[in-house]
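A.B. asks: This is the content of protein-v6.txt (compact mmCIF, C-alpha atoms and all ligand atoms):
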```
# COMPACT_ATOMS: atom_id res chain seq x y z
CA MET A 1 -37.60 31.81 -56.46
CA VAL A 2 -34.27 30.08 -57.02
CA ASP A 3 -32.41 33.30 -56.31
CA ASP A 4 -34.50 33.85 -53.19
CA LEU A 5 -33.74 30.33 -52.02
CA GLU A 6 -29.99 30.79 -52.45
CA HIS A 7 -30.14 34.00 -50.45
CA VAL A 8 -32.30 32.45 -47.72
CA GLU A 9 -30.02 29.41 -47.39
CA LYS A 10 -26.90 31.57 -47.21
CA GLN A 11 -28.41 33.84 -44.55
CA ALA A 12 -29.66 30.84 -42.58
CA GLY A 13 -26.22 29.16 -42.72
CA MET A 14 -24.54 32.31 -41.39
CA ARG A 15 -27.12 32.56 -38.62
CA LEU A 16 -26.42 28.99 -37.51
CA ASP A 17 -22.65 29.54 -37.67
CA ALA A 18 -22.91 32.64 -35.53
CA ALA A 19 -24.50 30.78 -32.57
CA SER A 20 -21.88 30.56 -29.82
CA THR A 21 -23.79 28.43 -27.29
CA VAL A 22 -26.07 25.41 -27.54
CA GLU A 23 -28.91 27.65 -26.40
CA GLU A 24 -28.27 30.30 -29.07
CA LEU A 25 -28.14 27.55 -31.66
CA ARG A 26 -31.53 26.23 -30.61
CA ALA A 27 -33.00 29.72 -31.10
CA ALA A 28 -31.27 30.09 -34.47
CA GLU A 29 -32.61 26.72 -35.60
CA THR A 30 -36.19 27.78 -34.83
CA GLU A 31 -35.56 31.02 -36.66
CA VAL A 32 -34.19 29.47 -39.88
CA LEU A 33 -36.10 26.17 -40.05
CA GLY A 34 -39.28 26.86 -38.02
CA LYS A 35 -42.83 27.75 -39.07
CA ARG A 36 -42.12 31.45 -39.25
CA SER A 37 -38.80 31.08 -41.08
CA ALA A 38 -37.98 32.54 -44.50
CA LEU A 39 -37.72 28.96 -45.69
CA ALA A 40 -41.28 28.26 -44.57
CA GLY A 41 -42.30 31.42 -46.40
CA LEU A 42 -40.81 30.06 -49.63
CA HIS A 43 -42.62 26.79 -49.02
CA ALA A 44 -45.92 28.59 -48.76
CA ARG A 45 -45.30 30.06 -52.19
CA LEU A 46 -45.09 26.59 -53.79
CA GLY A 47 -48.91 26.28 -53.86
CA ALA A 48 -49.17 29.05 -56.43
CA LEU A 49 -46.87 27.27 -58.90
CA ALA A 50 -47.77 24.95 -61.77
CA PRO A 51 -47.45 21.23 -60.82
CA GLU A 52 -44.20 20.64 -62.77
CA GLU A 53 -42.60 23.77 -61.42
CA ARG A 54 -43.87 23.00 -57.88
CA LYS A 55 -42.18 19.62 -57.92
CA ALA A 56 -38.79 21.00 -59.07
CA GLN A 57 -38.87 23.92 -56.62
CA GLY A 58 -40.06 21.62 -53.84
CA GLN A 59 -37.05 19.38 -54.32
CA LEU A 60 -34.72 22.38 -54.22
CA LEU A 61 -36.39 23.61 -51.01
CA ASN A 62 -36.10 20.19 -49.38
CA GLY A 63 -32.43 19.96 -50.36
CA ALA A 64 -31.77 23.31 -48.71
CA ARG A 65 -33.67 22.26 -45.55
CA THR A 66 -31.69 19.01 -45.30
CA ARG A 67 -28.34 20.84 -45.65
CA LEU A 68 -29.33 23.40 -43.01
CA SER A 69 -30.48 20.66 -40.61
CA GLU A 70 -27.17 18.86 -41.05
CA LEU A 71 -25.26 22.09 -40.48
CA ALA A 72 -27.27 22.70 -37.31
CA ALA A 73 -26.49 19.19 -36.03
CA GLU A 74 -22.79 19.65 -36.73
CA ARG A 75 -22.72 22.99 -34.92
CA ALA A 76 -24.60 21.47 -31.98
CA ALA A 77 -22.00 18.72 -31.62
CA GLU A 78 -19.15 21.26 -31.75
CA LEU A 79 -20.76 23.54 -29.20
CA ARG A 80 -21.57 20.69 -26.82
CA ALA A 81 -17.95 19.49 -26.95
CA SER A 82 -16.50 22.91 -26.23
CA GLU A 83 -19.01 23.57 -23.46
CA ARG A 84 -18.08 20.27 -21.82
CA ALA A 85 -14.36 21.07 -22.07
CA ALA A 86 -14.96 24.47 -20.51
CA ARG A 87 -16.95 22.91 -17.65
CA LEU A 88 -14.23 20.34 -16.92
CA GLU A 89 -11.60 23.05 -16.94
CA ALA A 90 -13.66 25.08 -14.48
CA GLU A 91 -14.20 22.10 -12.19
CA ARG A 92 -10.56 20.97 -12.22
CA LEU A 93 -8.96 20.96 -8.76
CA ASP A 94 -5.86 23.10 -8.85
CA LEU A 95 -3.83 21.48 -6.10
CA THR A 96 -0.95 23.88 -6.56
CA GLU A 97 -3.16 26.47 -4.92
CA VAL A 98 -2.79 24.61 -1.61
CA LEU A 99 0.91 25.49 -1.45
CA PRO A 100 2.56 26.08 0.90
CA GLY A 101 0.83 23.01 2.29
CA PRO A 102 1.63 20.22 4.75
CA ARG A 103 5.24 19.06 4.48
CA ARG A 104 6.09 15.47 3.61
CA GLY A 105 6.66 13.30 6.62
CA HIS A 106 9.87 11.43 7.38
CA LEU A 107 11.21 8.77 9.70
CA ASN A 108 11.31 9.63 13.37
CA LEU A 109 14.72 10.66 14.74
CA VAL A 110 15.03 7.45 16.78
CA THR A 111 14.34 5.33 13.69
CA GLN A 112 16.88 7.33 11.68
CA THR A 113 19.42 6.79 14.45
CA ARG A 114 18.75 3.05 14.54
CA ASP A 115 19.16 2.85 10.75
CA GLU A 116 22.47 4.73 10.87
CA LEU A 117 23.82 2.56 13.68
CA GLU A 118 22.77 -0.55 11.76
CA ASP A 119 24.63 0.79 8.72
CA VAL A 120 27.82 1.22 10.76
CA PHE A 121 27.73 -2.38 12.00
CA VAL A 122 26.56 -3.89 8.72
CA GLY A 123 29.59 -2.13 7.23
CA MET A 124 31.74 -4.10 9.70
CA GLY A 125 30.17 -7.38 8.59
CA TYR A 126 27.44 -7.82 11.22
CA THR A 127 23.96 -9.20 10.52
CA VAL A 128 20.84 -7.62 12.09
CA SER A 129 18.60 -9.85 14.26
CA GLU A 130 15.38 -9.27 16.17
CA GLY A 131 13.53 -10.86 19.05
CA PRO A 132 10.13 -10.46 20.77
CA GLU A 133 9.32 -7.56 23.12
CA ALA A 134 7.22 -9.85 25.34
CA GLU A 135 9.85 -12.30 26.61
CA THR A 136 10.25 -15.20 28.97
CA ASP A 137 12.03 -14.88 32.28
CA TRP A 138 14.35 -17.65 31.09
CA HIS A 139 15.61 -15.75 28.01
CA SER A 140 15.76 -12.40 29.83
CA PHE A 141 17.51 -13.50 33.03
CA GLU A 142 17.98 -17.21 33.67
CA ALA A 143 19.95 -18.08 30.52
CA LEU A 144 21.93 -14.85 30.98
CA ASN A 145 23.31 -16.18 34.28
CA PHE A 146 20.99 -14.26 36.64
CA PRO A 147 19.85 -17.03 38.96
CA LYS A 148 16.43 -16.59 40.64
CA GLY A 149 16.69 -14.07 43.46
CA HIS A 150 19.95 -12.64 42.08
CA PRO A 151 20.23 -9.00 43.28
CA ALA A 152 21.12 -7.79 39.76
CA ARG A 153 17.57 -8.66 38.65
CA SER A 154 16.09 -5.96 40.84
CA GLY A 155 18.26 -3.36 39.07
CA PHE A 156 16.14 -3.83 35.97
CA ASP A 157 12.76 -2.54 37.24
CA THR A 158 11.07 -5.21 35.16
CA LEU A 159 7.44 -4.96 34.06
CA TYR A 160 5.89 -8.44 34.35
CA LEU A 161 2.96 -9.63 32.26
CA ASP A 162 -0.05 -11.47 33.66
CA TRP A 163 0.61 -14.60 31.57
CA GLY A 164 1.50 -18.14 32.61
CA ASP A 165 3.23 -18.73 35.98
CA PRO A 166 3.81 -15.59 38.09
CA GLU A 167 6.83 -13.62 36.82
CA SER A 168 7.42 -16.05 33.95
CA THR A 169 6.60 -13.55 31.20
CA LEU A 170 7.68 -9.93 30.97
CA LEU A 171 8.26 -6.93 28.76
CA ARG A 172 11.98 -7.26 28.10
CA PRO A 173 13.97 -4.73 30.12
CA HIS A 174 16.99 -5.09 27.80
CA THR A 175 17.83 -6.52 24.37
CA SER A 176 20.24 -9.11 25.84
CA PRO A 177 17.67 -11.98 25.60
CA VAL A 178 17.99 -11.68 21.81
CA GLN A 179 21.62 -12.87 22.21
CA ILE A 180 20.23 -16.11 23.60
CA ARG A 181 17.76 -16.47 20.73
CA VAL A 182 20.48 -15.78 18.13
CA MET A 183 22.84 -18.37 19.66
CA GLN A 184 19.98 -20.90 19.79
CA SER A 185 19.13 -20.35 16.14
CA GLN A 186 22.57 -20.54 14.53
CA PRO A 187 26.00 -22.03 15.20
CA PRO A 188 29.08 -19.79 15.61
CA PRO A 189 30.79 -17.85 14.13
CA ILE A 190 28.26 -15.13 15.00
CA TYR A 191 28.60 -11.40 14.28
CA SER A 192 25.20 -9.85 14.88
CA ILE A 193 23.50 -6.75 16.26
CA MET A 194 20.00 -6.75 17.73
CA PRO A 195 18.17 -3.43 17.87
CA GLY A 196 14.82 -3.10 19.60
CA LYS A 197 12.50 -1.56 22.12
CA VAL A 198 12.85 -2.24 25.84
CA TYR A 199 10.64 -1.40 28.83
CA ARG A 200 11.31 -0.54 32.46
CA LYS A 201 9.22 0.48 35.43
CA ASP A 202 11.06 3.78 35.50
CA THR A 203 9.86 7.26 36.39
CA PRO A 204 10.61 9.42 33.36
CA ASP A 205 13.15 12.22 33.80
CA ALA A 206 15.55 14.12 31.54
CA ARG A 207 17.70 11.02 30.98
CA HIS A 208 15.16 8.17 31.35
CA THR A 209 11.88 7.07 29.79
CA ALA A 210 9.85 3.92 30.59
CA SER A 211 10.27 2.68 27.03
CA PHE A 212 13.46 3.21 25.05
CA ASN A 213 15.60 1.49 22.45
CA GLN A 214 18.80 -0.47 22.69
CA ILE A 215 21.22 -2.13 20.33
CA GLU A 216 22.73 -5.37 21.49
CA GLY A 217 25.88 -6.73 19.85
CA LEU A 218 27.19 -10.28 19.94
CA VAL A 219 30.32 -11.86 18.53
CA VAL A 220 31.16 -15.53 19.01
CA ASP A 221 34.16 -16.89 17.15
CA LYS A 222 37.52 -18.59 17.70
CA GLY A 223 40.13 -16.61 19.65
CA ILE A 224 38.04 -13.50 20.37
CA THR A 225 39.67 -11.26 23.00
CA PHE A 226 38.86 -8.22 25.07
CA GLY A 227 41.07 -6.24 22.66
CA ASP A 228 38.63 -7.08 19.83
CA LEU A 229 35.80 -5.74 21.97
CA ALA A 230 37.61 -2.48 22.81
CA GLY A 231 38.59 -1.96 19.16
CA THR A 232 35.02 -2.60 17.97
CA ILE A 233 33.59 -0.05 20.40
CA GLU A 234 36.16 2.58 19.41
CA ALA A 235 35.49 1.89 15.70
CA PHE A 236 31.74 2.27 16.08
CA THR A 237 32.11 5.44 18.18
CA GLY A 238 34.30 7.11 15.56
CA ALA A 239 32.08 5.97 12.67
CA TYR A 240 28.84 7.18 14.21
CA PHE A 241 29.85 10.25 16.23
CA GLY A 242 32.82 11.33 14.13
CA ALA A 243 36.48 11.94 14.89
CA GLY A 244 37.03 13.73 18.19
CA ILE A 245 34.56 11.54 20.08
CA HIS A 246 36.28 8.65 21.84
CA ALA A 247 35.24 5.71 23.97
CA ARG A 248 36.63 4.53 27.27
CA LEU A 249 35.91 1.38 29.26
CA ARG A 250 35.55 1.21 33.02
CA PRO A 251 35.28 -1.97 35.08
CA ALA A 252 31.67 -2.93 35.85
CA TYR A 253 29.57 -5.96 36.70
CA PHE A 254 27.00 -7.80 34.56
CA PRO A 255 26.07 -11.42 35.28
CA PHE A 256 26.30 -12.41 31.60
CA THR A 257 29.81 -11.11 30.90
CA GLU A 258 33.16 -11.68 32.62
CA PRO A 259 35.08 -9.44 32.68
CA SER A 260 32.51 -6.67 32.23
CA ALA A 261 32.84 -2.98 31.52
CA GLU A 262 30.76 0.12 31.14
CA PHE A 263 31.57 2.20 28.14
CA GLU A 264 31.52 5.92 28.06
CA ILE A 265 32.02 8.35 25.20
CA THR A 266 33.27 11.90 25.10
CA CYS A 267 30.37 14.19 26.00
CA ALA A 268 29.36 15.62 22.63
CA ILE A 269 27.59 18.57 24.20
CA CYS A 270 30.80 20.07 25.69
CA ALA A 271 33.31 18.10 23.57
CA GLY A 272 34.80 16.67 26.75
CA ALA A 273 35.31 19.96 28.57
CA GLY A 274 32.73 19.15 31.25
CA CYS A 275 29.15 20.47 31.41
CA ARG A 276 25.87 19.94 33.26
CA THR A 277 24.78 17.06 31.04
CA CYS A 278 27.92 15.02 31.84
CA SER A 279 28.04 16.29 35.45
CA GLY A 280 31.34 18.01 34.71
CA THR A 281 33.20 14.76 33.86
CA GLY A 282 33.47 15.20 30.08
CA TRP A 283 32.17 11.61 29.60
CA ILE A 284 28.69 10.14 29.09
CA GLU A 285 27.78 6.53 29.82
CA LEU A 286 26.42 4.79 26.74
CA GLY A 287 26.20 1.10 27.62
CA GLY A 288 27.73 -2.07 28.94
CA CYS A 289 29.93 -4.75 27.46
CA GLY A 290 32.19 -7.67 28.26
CA MET A 291 33.34 -11.15 27.36
CA VAL A 292 30.42 -13.60 27.12
CA HIS A 293 30.26 -15.60 30.38
CA PRO A 294 30.94 -19.35 29.98
CA ASN A 295 27.63 -20.06 31.79
CA VAL A 296 25.78 -18.19 29.03
CA LEU A 297 27.51 -20.21 26.32
CA ALA A 298 26.67 -23.37 28.28
CA ALA A 299 22.97 -22.38 28.52
CA VAL A 300 22.72 -22.49 24.71
CA GLY A 301 25.03 -25.48 24.26
CA ILE A 302 28.09 -23.72 22.83
CA ASP A 303 31.45 -25.23 23.87
CA ALA A 304 33.21 -22.49 25.87
CA GLU A 305 36.56 -24.24 25.39
CA ALA A 306 36.35 -23.96 21.62
CA TRP A 307 34.60 -20.60 21.27
CA SER A 308 34.78 -17.22 22.94
CA GLY A 309 32.92 -14.02 22.40
CA PHE A 310 32.07 -10.51 23.46
CA ALA A 311 28.79 -8.67 23.82
CA PHE A 312 27.68 -5.10 24.27
CA GLY A 313 24.44 -3.19 24.66
CA PHE A 314 23.72 0.53 24.54
CA GLY A 315 20.89 3.02 24.17
CA ILE A 316 19.87 4.20 20.70
CA ASP A 317 17.96 7.15 22.13
CA ARG A 318 21.03 8.12 24.13
CA CYS A 319 23.09 8.15 20.91
CA ALA A 320 20.52 10.46 19.26
CA GLN A 321 20.55 12.63 22.38
CA MET A 322 24.35 12.97 22.24
CA ARG A 323 24.63 13.53 18.54
CA HIS A 324 21.91 16.17 18.38
CA GLY A 325 22.43 17.82 21.76
CA ILE A 326 18.94 16.97 23.09
CA SER A 327 18.81 17.95 26.74
CA ASP A 328 15.61 16.07 27.69
CA MET A 329 14.93 12.49 26.48
CA ARG A 330 11.18 12.77 27.12
CA ILE A 331 10.77 14.94 24.05
CA LEU A 332 11.60 11.87 21.91
CA LEU A 333 8.22 10.39 22.90
CA ASP A 334 6.11 13.54 22.83
CA ASN A 335 5.29 13.51 19.09
CA ASP A 336 5.56 17.29 19.02
CA ILE A 337 5.73 18.27 15.35
CA ARG A 338 7.90 21.31 16.17
CA PHE A 339 10.56 18.91 17.49
CA ILE A 340 10.04 16.04 15.03
CA SER A 341 10.28 18.25 11.94
CA GLN A 342 13.76 19.44 12.88
CA PHE A 343 15.38 16.15 11.88
N1 LIG B 401 21.78 -5.39 29.04
C1 LIG B 401 22.53 -4.38 29.72
C2 LIG B 401 21.60 -3.27 30.18
O1 LIG B 401 20.55 -3.13 29.66
C3 LIG B 401 23.59 -3.78 28.82
C4 LIG B 401 24.65 -4.75 28.48
C5 LIG B 401 25.75 -4.89 29.28
C6 LIG B 401 24.54 -5.53 27.36
C7 LIG B 401 26.77 -5.77 28.97
C8 LIG B 401 25.54 -6.43 27.04
C9 LIG B 401 26.66 -6.54 27.87
O2 LIG B 401 25.50 -7.24 25.97
O3 LIG B 401 27.64 -7.40 27.54
O4 LIG B 401 21.95 -2.56 31.08
```
Please render this file's structure as structure tokens.
Ligand code: DAH
C.D. replies:
Amino acid sequence: MVDDLEHVEKQAGMRLDAASTVEELRAAETEVLGKRSALAGLHARLGALAPEERKAQGQLLNGARTRLSELAAERAAELRASERAARLEAERLDLTEVLPGPRRGHLNLVTQTRDELEDVFVGMGYTVSEGPEAETDWHSFEALNFPKGHPARSGFDTLYLDWGDPESTLLRPHTSPVQIRVMQSQPPPIYSIMPGKVYRKDTPDARHTASFNQIEGLVVDKGITFGDLAGTIEAFTGAYFGAGIHARLRPAYFPFTEPSAEFEITCAICAGAGCRTCSGTGWIELGGCGMVHPNVLAAVGIDAEAWSGFAFGFGIDRCAQMRHGISDMRILLDNDIRFISQF
């Protein structure tokens, strides 16, 4: 019987080892440990043995049963672990399969342009300031030397807000009111630029949109001259647009500067040769500038005898338009991915 037992245990062990799934193992367990197993057959033979013999053989049989049960439990744990690993592997999301997928987004062209212009001026020692888009009439016009009823006001196509006294609050039509806020918040010397969004009651066309972006510049220091202004504009033009693009100043009128000028740059689309975009002149108007009017300094309590300054303001969108040869400004607001993704 001992020989039989050894054989039965060996066979049973091999049977358990051979199971390759939890289910197969369960079947093998029934086969080698169940009622109809060879082991059970040996058990049935115990009854025919003498009591002493029965006890010894019984212990051997039980030992074999315990070892086989342990082996089965071990195998079950192994199989469960590998089945779980296989299931996780099968359920894993392979994201690489999505390629070529959506491209990563990036900053809008106008924002990129604003950042680059800021970099140019920060490189020249300017700080960057901001002001509110909903402004008072006082900051937008009054303090900038546009008295009430001044004809220059009507040139701004201002959008008024229904807030407070009639026409006391508005969506700023230019970034110049931020000059006032900067001068109110710090004493000179001041070297600051003020980028931001502006609004006008304008009908959109190829060169205009009802909301666009400007950069205002303000310098207030001792002994500032018109030559400093002209040099600053030329320096910024070269730094942002590159060599070959120049600036020129032409006399103009703004209530908040005296003298005032418009500044134009070489048309980047035809490199100055003359084209449809620049109406054949070779120049494109970018903004206005001038020496800060003494009335403006007085409005914020700066002594115009001791200090002088210059200011300028120009369109950020217009800079992007020139640098990238965009023929129609309206596309900057369309959010068309085919346009946006080109920059
Ligand atoms: N605010 C003017 C505009 O929107 C532009 C401008 C002109 C700004 C002259 C200035 C300046 O600071 O000095 O048309």
A.B. asks: Would you pick out the contacts of segment 154-162 of chain A at 7 Å or less, using only C-alpha atoms, so that residues sharing its chain but fewer than 6 positions from it are not included, and give the list as a PyMOL selection string?
C.D. replies: chain A and resi 169-171+173+200-202
A.B. asks: Could you report the residues within 7 Å of ligand LIG 401 (chain B), using all atoms listed in the file, as a ChimeraX atom specification?
C.D. replies: /A:173-176,216-218,254,256-257,260,287-292,310-314
A.B. asks: Using all atoms listed in the file, which residues sit within 12 Å of segment 78-90 of chain A once same-chain residues fewer than 5 positions away are excluded, as a VMD selection string?
C.D. replies: chain A and resid 16 to 26 71 to 73
A.B. asks: Can you pull out every residue within 12 Å of Gly41 of chain A, counting all atoms listed in the file, but drop anything in the same chain fewer than 5 positions away, and send it as a PyMOL selection string?
C.D. replies: chain A and resi 1+4-5+8+31-36+46-47+61
A.B. asks: Considering only C-alpha atoms, return as a PyMOL selection string whatever protein or nucleic-acid residues lie within 12 Å of Gly272 of chain A, sequence-local ones (same chain, fewer than 3 positions apart) excluded.
C.D. replies: chain A and resi 244-247+264-269+275-284+322
A.B. asks: Residues as selected, C-alpha atoms, written as an mmCIF file, in the coordinates of the input, can you do that?
C.D. replies:
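File selection-v8.cif, as written:
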```cif
data_model
loop_
_atom_site.group_PDB
_atom_site.id
_atom_site.type_symbol
_atom_site.label_atom_id
_atom_site.label_comp_id
_atom_site.auth_asym_id
_atom_site.auth_seq_id
_atom_site.Cartn_x
_atom_site.Cartn_y
_atom_site.Cartn_z
ATOM 1 C CA GLY A 244 37.030 13.730 18.190
ATOM 2 C CA ILE A 245 34.560 11.540 20.080
ATOM 3 C CA HIS A 246 36.280 8.650 21.840
ATOM 4 C CA ALA A 247 35.240 5.710 23.970
ATOM 5 C CA GLU A 264 31.520 5.920 28.060
ATOM 6 C CA ILE A 265 32.020 8.350 25.200
ATOM 7 C CA THR A 266 33.270 11.900 25.100
ATOM 8 C CA CYS A 267 30.370 14.190 26.000
ATOM 9 C CA ALA A 268 29.360 15.620 22.630
ATOM 10 C CA ILE A 269 27.590 18.570 24.200
ATOM 11 C CA CYS A 275 29.150 20.470 31.410
ATOM 12 C CA ARG A 276 25.870 19.940 33.260
ATOM 13 C CA THR A 277 24.780 17.060 31.040
ATOM 14 C CA CYS A 278 27.920 15.020 31.840
ATOM 15 C CA SER A 279 28.040 16.290 35.450
ATOM 16 C CA GLY A 280 31.340 18.010 34.710
ATOM 17 C CA THR A 281 33.200 14.760 33.860
ATOM 18 C CA GLY A 282 33.470 15.200 30.080
ATOM 19 C CA TRP A 283 32.170 11.610 29.600
ATOM 20 C CA ILE A 284 28.690 10.140 29.090
ATOM 21 C CA MET A 322 24.350 12.970 22.240
#
```
A.B. asks: From the options A:Ala235, A:Val219, A:Met194, A:Ala134, which residue's atoms come nearest to Arg172 of chain A, counting all atoms listed in the file?
C.D. replies: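 Looking only at the distances to Arg172 of chain A, the closest residue turns out to be A:Ala134.
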A.B. asks: For Ala271 of chain A, which residue among A:Arg323, A:Arg248, A:Arg65, A:His150 is the nearest when counting all atoms listed in the file?
C.D. replies: A:Arg323
A.B. asks: Could you tell me how far atom CA of Ser192 of chain A sits from atom CA of Thr127 of chain A, in Å to one decimal place?
C.D. replies: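 That distance, rounded to one decimal, is 4.6 Å.
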